[in-house]
file my_file-v3.cif (mmCIF, C-alpha atoms, pLDDT in the B column; chains and numbers go by the auth columns)
data_query
loop_
_atom_site.group_PDB
_atom_site.id
_atom_site.type_symbol
_atom_site.label_atom_id
_atom_site.label_comp_id
_atom_site.label_asym_id
_atom_site.label_seq_id
_atom_site.Cartn_x
_atom_site.Cartn_y
_atom_site.Cartn_z
_atom_site.B_iso_or_equiv
_atom_site.auth_seq_id
_atom_site.auth_asym_id
ATOM 1 C CA MET A 1 4.098 18.534 11.502 80.00 1 B
ATOM 2 C CA SER A 2 4.443 21.485 9.106 89.00 2 B
ATOM 3 C CA VAL A 3 4.704 20.356 5.483 94.00 3 B
ATOM 4 C CA ASP A 4 5.088 22.945 2.708 94.00 4 B
ATOM 5 C CA LEU A 5 3.635 20.899 -0.143 97.00 5 B
ATOM 6 C CA GLU A 6 0.428 21.658 -2.032 97.00 6 B
ATOM 7 C CA TRP A 7 -0.587 18.048 -2.522 97.00 7 B
ATOM 8 C CA VAL A 8 0.763 14.653 -1.445 98.00 8 B
ATOM 9 C CA ALA A 9 -0.418 11.370 -2.933 98.00 9 B
ATOM 10 C CA VAL A 10 0.530 7.736 -2.415 98.00 10 B
ATOM 11 C CA LEU A 11 0.270 5.216 -5.222 98.00 11 B
ATOM 12 C CA ARG A 12 0.478 1.731 -3.757 98.00 12 B
ATOM 13 C CA HIS A 13 2.555 -0.476 -6.027 98.00 13 B
ATOM 14 C CA GLY A 14 0.815 -2.859 -8.390 98.00 14 B
ATOM 15 C CA GLN A 15 0.286 -6.490 -7.522 97.00 15 B
ATOM 16 C CA SER A 16 3.616 -8.252 -7.007 97.00 16 B
ATOM 17 C CA SER A 17 4.620 -11.889 -7.144 96.00 17 B
ATOM 18 C CA GLY A 18 5.126 -11.603 -3.386 96.00 18 B
ATOM 19 C CA ASN A 19 1.503 -10.539 -2.883 96.00 19 B
ATOM 20 C CA VAL A 20 0.363 -13.632 -4.781 96.00 20 B
ATOM 21 C CA ALA A 21 2.727 -15.960 -2.896 96.00 21 B
ATOM 22 C CA ARG A 22 1.666 -14.534 0.469 95.00 22 B
ATOM 23 C CA GLU A 23 -2.020 -14.965 -0.317 95.00 23 B
ATOM 24 C CA GLU A 24 -1.454 -18.566 -1.403 95.00 24 B
ATOM 25 C CA ALA A 25 0.564 -19.385 1.718 96.00 25 B
ATOM 26 C CA GLU A 26 -1.991 -17.819 4.060 96.00 26 B
ATOM 27 C CA SER A 27 -4.849 -19.667 2.335 95.00 27 B
ATOM 28 C CA ALA A 28 -2.988 -22.971 2.599 96.00 28 B
ATOM 29 C CA GLY A 29 -2.176 -22.489 6.289 95.00 29 B
ATOM 30 C CA ALA A 30 1.554 -22.711 5.564 96.00 30 B
ATOM 31 C CA ASP A 31 4.207 -21.344 7.910 97.00 31 B
ATOM 32 C CA VAL A 32 6.474 -19.835 5.256 96.00 32 B
ATOM 33 C CA ILE A 33 5.797 -17.738 2.159 97.00 33 B
ATOM 34 C CA ASP A 34 7.568 -19.119 -0.899 95.00 34 B
ATOM 35 C CA ILE A 35 9.431 -16.107 -2.284 95.00 35 B
ATOM 36 C CA ALA A 36 12.854 -16.683 -3.837 92.00 36 B
ATOM 37 C CA GLU A 37 13.961 -13.047 -4.054 94.00 37 B
ATOM 38 C CA ARG A 38 14.813 -10.714 -1.225 95.00 38 B
ATOM 39 C CA ASP A 39 11.934 -8.351 -0.479 95.00 39 B
ATOM 40 C CA ALA A 40 13.608 -5.463 -2.295 97.00 40 B
ATOM 41 C CA ASP A 41 13.711 -7.458 -5.561 97.00 41 B
ATOM 42 C CA VAL A 42 10.156 -8.844 -5.728 97.00 42 B
ATOM 43 C CA PRO A 43 8.758 -7.952 -9.196 98.00 43 B
ATOM 44 C CA LEU A 44 5.316 -6.952 -10.382 98.00 44 B
ATOM 45 C CA THR A 45 3.003 -9.521 -11.913 98.00 45 B
ATOM 46 C CA ASP A 46 1.526 -8.890 -15.349 98.00 46 B
ATOM 47 C CA LEU A 47 -1.623 -7.681 -13.598 98.00 47 B
ATOM 48 C CA GLY A 48 0.482 -5.422 -11.392 98.00 48 B
ATOM 49 C CA ARG A 49 1.985 -3.801 -14.469 98.00 49 B
ATOM 50 C CA GLU A 50 -1.485 -3.214 -15.875 98.00 50 B
ATOM 51 C CA GLN A 51 -2.548 -1.621 -12.583 98.00 51 B
ATOM 52 C CA ALA A 52 0.470 0.697 -12.739 98.00 52 B
ATOM 53 C CA LYS A 53 -0.344 1.690 -16.337 97.00 53 B
ATOM 54 C CA ALA A 54 -3.937 2.419 -15.322 97.00 54 B
ATOM 55 C CA ALA A 55 -2.628 4.684 -12.582 97.00 55 B
ATOM 56 C CA GLY A 56 -0.598 6.420 -15.275 96.00 56 B
ATOM 57 C CA GLU A 57 -3.839 7.362 -17.031 94.00 57 B
ATOM 58 C CA PHE A 58 -5.066 8.842 -13.751 96.00 58 B
ATOM 59 C CA PHE A 59 -1.944 10.966 -13.244 96.00 59 B
ATOM 60 C CA THR A 60 -1.857 12.154 -16.831 94.00 60 B
ATOM 61 C CA GLU A 61 -4.949 14.175 -15.918 92.00 61 B
ATOM 62 C CA ARG A 62 -3.577 15.141 -12.476 93.00 62 B
ATOM 63 C CA PRO A 63 0.172 15.422 -13.035 97.00 63 B
ATOM 64 C CA PRO A 64 2.469 15.725 -10.029 98.00 64 B
ATOM 65 C CA ASP A 65 5.522 17.954 -10.105 98.00 65 B
ATOM 66 C CA LEU A 66 7.704 15.152 -8.796 98.00 66 B
ATOM 67 C CA VAL A 67 7.491 11.387 -8.252 98.00 67 B
ATOM 68 C CA VAL A 68 9.464 9.905 -5.373 98.00 68 B
ATOM 69 C CA THR A 69 9.599 6.126 -5.219 98.00 69 B
ATOM 70 C CA SER A 70 10.533 3.409 -2.785 98.00 70 B
ATOM 71 C CA THR A 71 13.734 1.690 -3.863 98.00 71 B
ATOM 72 C CA TYR A 72 11.958 -1.684 -3.809 98.00 72 B
ATOM 73 C CA ARG A 73 11.532 -3.009 -7.348 98.00 73 B
ATOM 74 C CA ARG A 74 7.748 -3.394 -7.218 98.00 74 B
ATOM 75 C CA ALA A 75 7.288 0.270 -6.278 98.00 75 B
ATOM 76 C CA TRP A 76 10.030 1.585 -8.569 98.00 76 B
ATOM 77 C CA ASP A 77 8.623 -0.248 -11.599 98.00 77 B
ATOM 78 C CA THR A 78 5.155 1.033 -10.695 98.00 78 B
ATOM 79 C CA ALA A 79 6.501 4.592 -10.604 98.00 79 B
ATOM 80 C CA LEU A 80 8.168 4.284 -13.999 98.00 80 B
ATOM 81 C CA LEU A 81 4.961 2.953 -15.558 98.00 81 B
ATOM 82 C CA ALA A 82 2.704 5.527 -13.894 98.00 82 B
ATOM 83 C CA ALA A 83 4.732 8.744 -14.054 98.00 83 B
ATOM 84 C CA PRO A 84 3.572 11.209 -16.742 96.00 84 B
ATOM 85 C CA ASP A 85 6.085 12.039 -19.472 96.00 85 B
ATOM 86 C CA GLY A 86 8.568 14.659 -18.384 96.00 86 B
ATOM 87 C CA VAL A 87 8.025 14.192 -14.641 97.00 87 B
ATOM 88 C CA ALA A 88 11.165 13.183 -12.752 97.00 88 B
ATOM 89 C CA VAL A 89 11.158 9.877 -10.851 98.00 89 B
ATOM 90 C CA VAL A 90 13.497 9.963 -7.858 98.00 90 B
ATOM 91 C CA PRO A 91 14.239 6.900 -5.683 98.00 91 B
ATOM 92 C CA ASP A 92 14.492 7.269 -1.920 98.00 92 B
ATOM 93 C CA GLU A 93 15.209 4.412 0.471 98.00 93 B
ATOM 94 C CA ARG A 94 13.164 6.100 3.210 98.00 94 B
ATOM 95 C CA LEU A 95 10.044 5.006 1.308 98.00 95 B
ATOM 96 C CA ARG A 96 10.930 1.300 1.478 98.00 96 B
ATOM 97 C CA ASP A 97 8.467 -1.135 3.017 97.00 97 B
ATOM 98 C CA ARG A 98 8.557 -1.892 6.719 97.00 98 B
ATOM 99 C CA GLU A 99 11.348 -4.346 7.578 97.00 99 B
ATOM 100 C CA LEU A 100 10.096 -7.388 9.483 97.00 100 B
ATOM 101 C CA GLY A 101 13.357 -8.901 10.735 97.00 101 B
ATOM 102 C CA VAL A 102 12.960 -12.456 12.026 97.00 102 B
ATOM 103 C CA LEU A 103 9.290 -12.476 10.976 97.00 103 B
ATOM 104 C CA ASP A 104 10.131 -11.957 7.288 96.00 104 B
ATOM 105 C CA LEU A 105 8.493 -14.556 4.999 96.00 105 B
ATOM 106 C CA LEU A 106 6.335 -15.958 7.808 97.00 106 B
ATOM 107 C CA THR A 107 2.561 -16.193 7.546 96.00 107 B
ATOM 108 C CA SER A 108 0.367 -15.303 10.502 95.00 108 B
ATOM 109 C CA HIS A 109 0.228 -19.049 11.255 95.00 109 B
ATOM 110 C CA GLY A 110 4.015 -19.268 11.031 96.00 110 B
ATOM 111 C CA VAL A 111 4.451 -16.446 13.527 96.00 111 B
ATOM 112 C CA ARG A 112 2.108 -18.141 16.001 96.00 112 B
ATOM 113 C CA GLU A 113 3.939 -21.449 15.640 96.00 113 B
ATOM 114 C CA ARG A 114 7.547 -20.244 15.565 97.00 114 B
ATOM 115 C CA TRP A 115 7.573 -16.990 17.553 97.00 115 B
ATOM 116 C CA PRO A 116 4.804 -17.174 20.180 96.00 116 B
ATOM 117 C CA ASP A 117 6.829 -15.016 22.595 96.00 117 B
ATOM 118 C CA GLU A 118 7.046 -12.288 19.971 96.00 118 B
ATOM 119 C CA LEU A 119 3.313 -12.446 19.441 95.00 119 B
ATOM 120 C CA ARG A 120 2.764 -11.958 23.165 96.00 120 B
ATOM 121 C CA ARG A 121 5.270 -9.082 23.225 97.00 121 B
ATOM 122 C CA LYS A 122 3.511 -7.399 20.312 96.00 122 B
ATOM 123 C CA ARG A 123 0.169 -7.664 22.100 95.00 123 B
ATOM 124 C CA ARG A 124 1.656 -6.047 25.207 96.00 124 B
ATOM 125 C CA LEU A 125 3.467 -3.205 23.403 96.00 125 B
ATOM 126 C CA GLY A 126 0.861 -2.579 20.711 95.00 126 B
ATOM 127 C CA LYS A 127 1.329 -2.628 16.951 94.00 127 B
ATOM 128 C CA PHE A 128 2.607 0.957 16.690 97.00 128 B
ATOM 129 C CA TYR A 129 5.642 0.475 18.955 97.00 129 B
ATOM 130 C CA TYR A 130 6.312 -3.241 18.587 98.00 130 B
ATOM 131 C CA ARG A 131 9.612 -3.917 16.792 97.00 131 B
ATOM 132 C CA PRO A 132 10.366 -7.526 15.780 98.00 132 B
ATOM 133 C CA PRO A 133 14.011 -8.566 16.300 98.00 133 B
ATOM 134 C CA GLY A 134 16.018 -7.194 13.387 97.00 134 B
ATOM 135 C CA GLY A 135 12.993 -5.285 12.059 98.00 135 B
ATOM 136 C CA GLU A 136 11.087 -2.029 12.415 98.00 136 B
ATOM 137 C CA SER A 137 8.075 -0.760 14.303 98.00 137 B
ATOM 138 C CA TRP A 138 5.412 1.459 12.764 98.00 138 B
ATOM 139 C CA ALA A 139 7.052 4.304 14.696 98.00 139 B
ATOM 140 C CA ASP A 140 10.368 3.597 12.956 98.00 140 B
ATOM 141 C CA VAL A 141 8.691 3.947 9.560 98.00 141 B
ATOM 142 C CA VAL A 142 7.057 7.195 10.671 98.00 142 B
ATOM 143 C CA LEU A 143 10.449 8.607 11.701 98.00 143 B
ATOM 144 C CA ARG A 144 12.017 8.056 8.287 98.00 144 B
ATOM 145 C CA LEU A 145 8.962 9.407 6.469 98.00 145 B
ATOM 146 C CA ARG A 146 8.983 12.490 8.698 98.00 146 B
ATOM 147 C CA SER A 147 12.550 13.102 7.549 97.00 147 B
ATOM 148 C CA LEU A 148 11.575 12.671 3.897 98.00 148 B
ATOM 149 C CA LEU A 149 8.625 15.087 4.151 98.00 149 B
ATOM 150 C CA ARG A 150 10.809 17.749 5.753 97.00 150 B
ATOM 151 C CA GLU A 151 13.361 17.403 2.959 97.00 151 B
ATOM 152 C CA LEU A 152 10.704 17.571 0.248 98.00 152 B
ATOM 153 C CA SER A 153 9.215 20.662 1.905 97.00 153 B
ATOM 154 C CA ALA A 154 12.595 22.377 1.865 97.00 154 B
ATOM 155 C CA ASP A 155 13.580 21.371 -1.666 97.00 155 B
ATOM 156 C CA HIS A 156 10.174 21.498 -3.405 97.00 156 B
ATOM 157 C CA PRO A 157 8.021 24.023 -1.512 97.00 157 B
ATOM 158 C CA GLY A 158 4.454 24.333 -2.752 96.00 158 B
ATOM 159 C CA GLU A 159 4.767 21.461 -5.217 98.00 159 B
ATOM 160 C CA ARG A 160 2.585 18.395 -5.875 98.00 160 B
ATOM 161 C CA VAL A 161 4.410 15.205 -4.903 98.00 161 B
ATOM 162 C CA LEU A 162 3.484 11.622 -5.724 98.00 162 B
ATOM 163 C CA LEU A 163 4.970 8.830 -3.614 98.00 163 B
ATOM 164 C CA SER A 164 5.115 5.366 -5.196 98.00 164 B
ATOM 165 C CA ALA A 165 5.292 3.136 -2.182 98.00 165 B
ATOM 166 C CA HIS A 166 3.608 0.598 0.072 98.00 166 B
ATOM 167 C CA GLU A 167 0.499 0.047 2.151 97.00 167 B
ATOM 168 C CA MET A 168 2.345 1.071 5.320 97.00 168 B
ATOM 169 C CA THR A 169 3.111 4.458 3.760 98.00 169 B
ATOM 170 C CA VAL A 170 -0.593 5.339 3.673 97.00 170 B
ATOM 171 C CA TYR A 171 -0.990 4.684 7.394 97.00 171 B
ATOM 172 C CA ALA A 172 2.198 6.568 8.289 97.00 172 B
ATOM 173 C CA LEU A 173 1.062 9.613 6.309 98.00 173 B
ATOM 174 C CA ARG A 174 -2.309 9.631 8.024 97.00 174 B
ATOM 175 C CA TYR A 175 -0.373 9.913 11.282 97.00 175 B
ATOM 176 C CA LEU A 176 1.979 12.613 9.973 97.00 176 B
ATOM 177 C CA LEU A 177 -0.295 14.730 7.768 97.00 177 B
ATOM 178 C CA GLU A 178 -3.607 14.382 9.600 96.00 178 B
ATOM 179 C CA GLY A 179 -2.191 14.114 13.097 95.00 179 B
ATOM 180 C CA LEU A 180 -4.155 10.983 13.976 96.00 180 B
ATOM 181 C CA PRO A 181 -3.188 9.784 17.468 95.00 181 B
ATOM 182 C CA GLU A 182 -2.018 6.182 17.831 96.00 182 B
ATOM 183 C CA PRO A 183 -5.358 4.661 18.967 95.00 183 B
ATOM 184 C CA ASP A 184 -7.281 6.346 16.138 96.00 184 B
ATOM 185 C CA LEU A 185 -4.640 5.414 13.570 96.00 185 B
ATOM 186 C CA LEU A 186 -4.724 1.738 14.521 95.00 186 B
ATOM 187 C CA ARG A 187 -8.512 1.706 14.525 95.00 187 B
ATOM 188 C CA VAL A 188 -8.587 3.288 11.054 94.00 188 B
ATOM 189 C CA ALA A 189 -5.894 0.946 9.744 94.00 189 B
ATOM 190 C CA GLY A 190 -7.786 -2.077 11.043 92.00 190 B
ATOM 191 C CA GLY A 191 -10.781 -1.130 8.917 93.00 191 B
ATOM 192 C CA THR A 192 -8.932 0.144 5.843 94.00 192 B
ATOM 193 C CA GLU A 193 -8.057 -1.787 2.707 94.00 193 B
ATOM 194 C CA VAL A 194 -5.322 -0.357 0.479 96.00 194 B
ATOM 195 C CA PRO A 195 -5.614 -2.121 -2.891 97.00 195 B
ATOM 196 C CA ASN A 196 -2.687 -2.531 -5.250 97.00 196 B
ATOM 197 C CA GLY A 197 -2.630 0.389 -7.673 97.00 197 B
ATOM 198 C CA SER A 198 -4.886 2.546 -5.481 98.00 198 B
ATOM 199 C CA VAL A 199 -4.320 6.264 -4.921 98.00 199 B
ATOM 200 C CA THR A 200 -4.647 8.067 -1.594 98.00 200 B
ATOM 201 C CA ALA A 201 -4.144 11.841 -1.593 98.00 201 B
ATOM 202 C CA TRP A 202 -4.101 14.846 0.738 98.00 202 B
ATOM 203 C CA GLU A 203 -4.392 18.562 -0.045 98.00 203 B
ATOM 204 C CA ARG A 204 -3.156 21.439 2.105 97.00 204 B
ATOM 205 C CA ASP A 205 -5.538 24.274 2.960 95.00 205 B
ATOM 206 C CA ARG A 206 -4.706 27.946 3.569 92.00 206 B
ATOM 207 C CA ASP A 207 -3.983 27.254 7.228 92.00 207 B
ATOM 208 C CA GLY A 208 -1.449 24.552 6.351 93.00 208 B
ATOM 209 C CA ALA A 209 -3.634 21.634 7.439 96.00 209 B
ATOM 210 C CA PHE A 210 -3.918 18.552 5.254 97.00 210 B
ATOM 211 C CA THR A 211 -7.219 16.910 4.356 97.00 211 B
ATOM 212 C CA MET A 212 -7.584 13.537 2.673 97.00 212 B
ATOM 213 C CA VAL A 213 -9.248 14.089 -0.698 97.00 213 B
ATOM 214 C CA LEU A 214 -8.816 10.595 -2.162 97.00 214 B
ATOM 215 C CA ALA A 215 -9.154 7.463 -0.034 97.00 215 B
ATOM 216 C CA GLN A 216 -7.696 4.358 -1.669 96.00 216 B
ATOM 217 C CA GLU A 217 -9.181 5.401 -5.012 97.00 217 B
ATOM 218 C CA VAL A 218 -9.463 2.628 -7.636 97.00 218 B
ATOM 219 C CA GLY A 219 -11.788 4.268 -10.150 96.00 219 B
ATOM 220 C CA HIS A 220 -8.947 4.426 -12.675 96.00 220 B
ATOM 221 C CA LEU A 221 -8.609 0.642 -12.453 96.00 221 B
ATOM 222 C CA HIS A 222 -12.289 0.056 -13.115 96.00 222 B
ATOM 223 C CA ALA A 223 -12.224 2.613 -15.944 95.00 223 B
ATOM 224 C CA THR A 224 -9.607 0.543 -17.768 94.00 224 B
ATOM 225 C CA ASP A 225 -11.147 -2.840 -16.880 95.00 225 B
ATOM 226 C CA THR A 226 -8.132 -3.603 -14.694 95.00 226 B
ATOM 227 C CA PRO A 227 -9.086 -5.720 -11.674 93.00 227 B
ATOM 228 C CA PRO A 228 -8.002 -4.269 -8.325 92.00 228 B
ATOM 229 C CA THR A 229 -6.331 -6.656 -5.900 93.00 229 B
ATOM 230 C CA ALA A 230 -6.443 -6.231 -2.162 83.00 230 B
ATOM 231 C CA ASP A 231 -3.727 -8.436 -0.720 70.00 231 B
ATOM 232 C CA ASP A 232 -2.747 -7.112 2.719 59.00 232 B
ATOM 233 C CA ASP A 233 0.975 -6.373 3.046 52.00 233 B
ATOM 234 C CA ALA A 234 0.361 -6.165 6.781 44.00 234 B
ATOM 235 C CA ALA A 235 -0.369 -9.889 6.996 43.00 235 B
ATOM 236 C CA GLN A 236 3.207 -10.376 8.162 39.00 236 B
ATOM 237 C CA GLN A 237 2.922 -7.593 10.722 46.00 237 B
ATOM 238 C CA LEU A 238 1.160 -9.716 13.346 42.00 238 B
ATOM 239 C CA SER A 239 -2.142 -7.982 12.617 45.00 239 B
#

call {"tool": "encode", "arguments": {"input": "my_file-v3.cif", "output": "structure tokens"}}
result
Amino acid sequence: MSVDLEWVAVLRHGQSSGNVAREEAESAGADVIDIAERDADVPLTDLGREQAKAAGEFFTERPPDLVVTSTYRRAWDTALLAAPDGVAVVPDERLRDRELGVLDLLTSHGVRERWPDELRRKRRLGKFYYRPPGGESWADVVLRLRSLLRELSADHPGERVLLSAHEMTVYALRYLLEGLPEPDLLRVAGGTEVPNGSVTAWERDRDGAFTMVLAQEVGHLHATDTPPTADDDAAQQLS
């Protein structure tokens, strides 16, 4: 697709209490992840806040013209901590995490035990097009991000835009900006880790094509002695 932006970057939110709870539940072989809040309200951990502040040091040297954030608390708080002074932070619900419907709060073990028919359906349809009941497919996320990119292109042509969002956003932008076909995208995603607080960025060349110039960069975390964390938000996505 044609995108009239100079530079697009994704900052994955810092570690959240949900990331920690999911990792503990998966390690224990539990069916359900113990998270009291709705997904939109899950907060950052203390470490997650430190990761966001470290990202702020990174963007002080490479300031965006605009920060657009997922409306989920973990991403919004990350944006507020990371945005350079004077740069507007704008929330947009189209950047929210993928909705999992009936599979929400289930571990991979829980999905196998409670929704075996859904697991078989996902394997037949493929991860890109599979939509859990009440939830979204990868394609659904791509559709709303396509809409957002078109709007940003129209309203902020030629600007540098930072998106404070989720792991899924990185994969969707590889599809949209780089034009990766479904098989290549899923192969890349299967071998890609998107740490909390990492930065992935694309630049546009003279022909309008986007090239990835930062791939899940965490150097700013190491530079501030802030440990990166690599919990996989896709653990609930029947990976």

call {"tool": "closest_residue", "arguments": {"input": "my_file-v3.cif", "among": "B:Glu6, B:Asp65, B:Asp104, B:Glu113", "to": "Gly135 of chain B", "atoms": "all atoms listed in the file"}}
result
B:Asp104

call {"tool": "residues_near_point", "arguments": {"input": "my_file-v3.cif", "point": "(5.6, 2.3, -12.2)", "cutoff": "12 Å", "atoms": "only C-alpha atoms", "output": "PyMOL selection string"}}
result
chain B and resi 11-16+43-44+48-57+59+67-84+89-91+162-165+196-197

call {"tool": "closest_residue", "arguments": {"input": "my_file-v3.cif", "among": "B:Leu47, B:Leu176, B:Leu105, B:Ala88", "to": "Pro227 of chain B", "atoms": "all atoms listed in the file"}}
result
B:Leu47

call {"tool": "closest_residue", "arguments": {"input": "my_file-v3.cif", "among": "B:Thr107, B:Thr60, B:Thr45, B:Thr200", "to": "Ala25 of chain B", "atoms": "only C-alpha atoms"}}
result
B:Thr107

call {"tool": "resolve_selection", "arguments": {"input": "my_file-v3.cif", "expression": "the PyMOL selection byres ((chain B and resi 160) around 8)", "output": "count of residues only"}}
result
11

call {"tool": "closest_residue", "arguments": {"input": "my_file-v3.cif", "among": "B:Arg150, B:Asp92, B:Arg114, B:Arg62", "to": "Ala201 of chain B", "atoms": "all atoms listed in the file"}}
result
B:Arg62

call {"tool": "resolve_selection", "arguments": {"input": "my_file-v3.cif", "expression": "the PyMOL selection byres ((chain B and resi 140) around 12)", "output": "PyMOL selection string"}}
result
chain B and resi 94-100+127-132+135-139+141-147+168-169+172
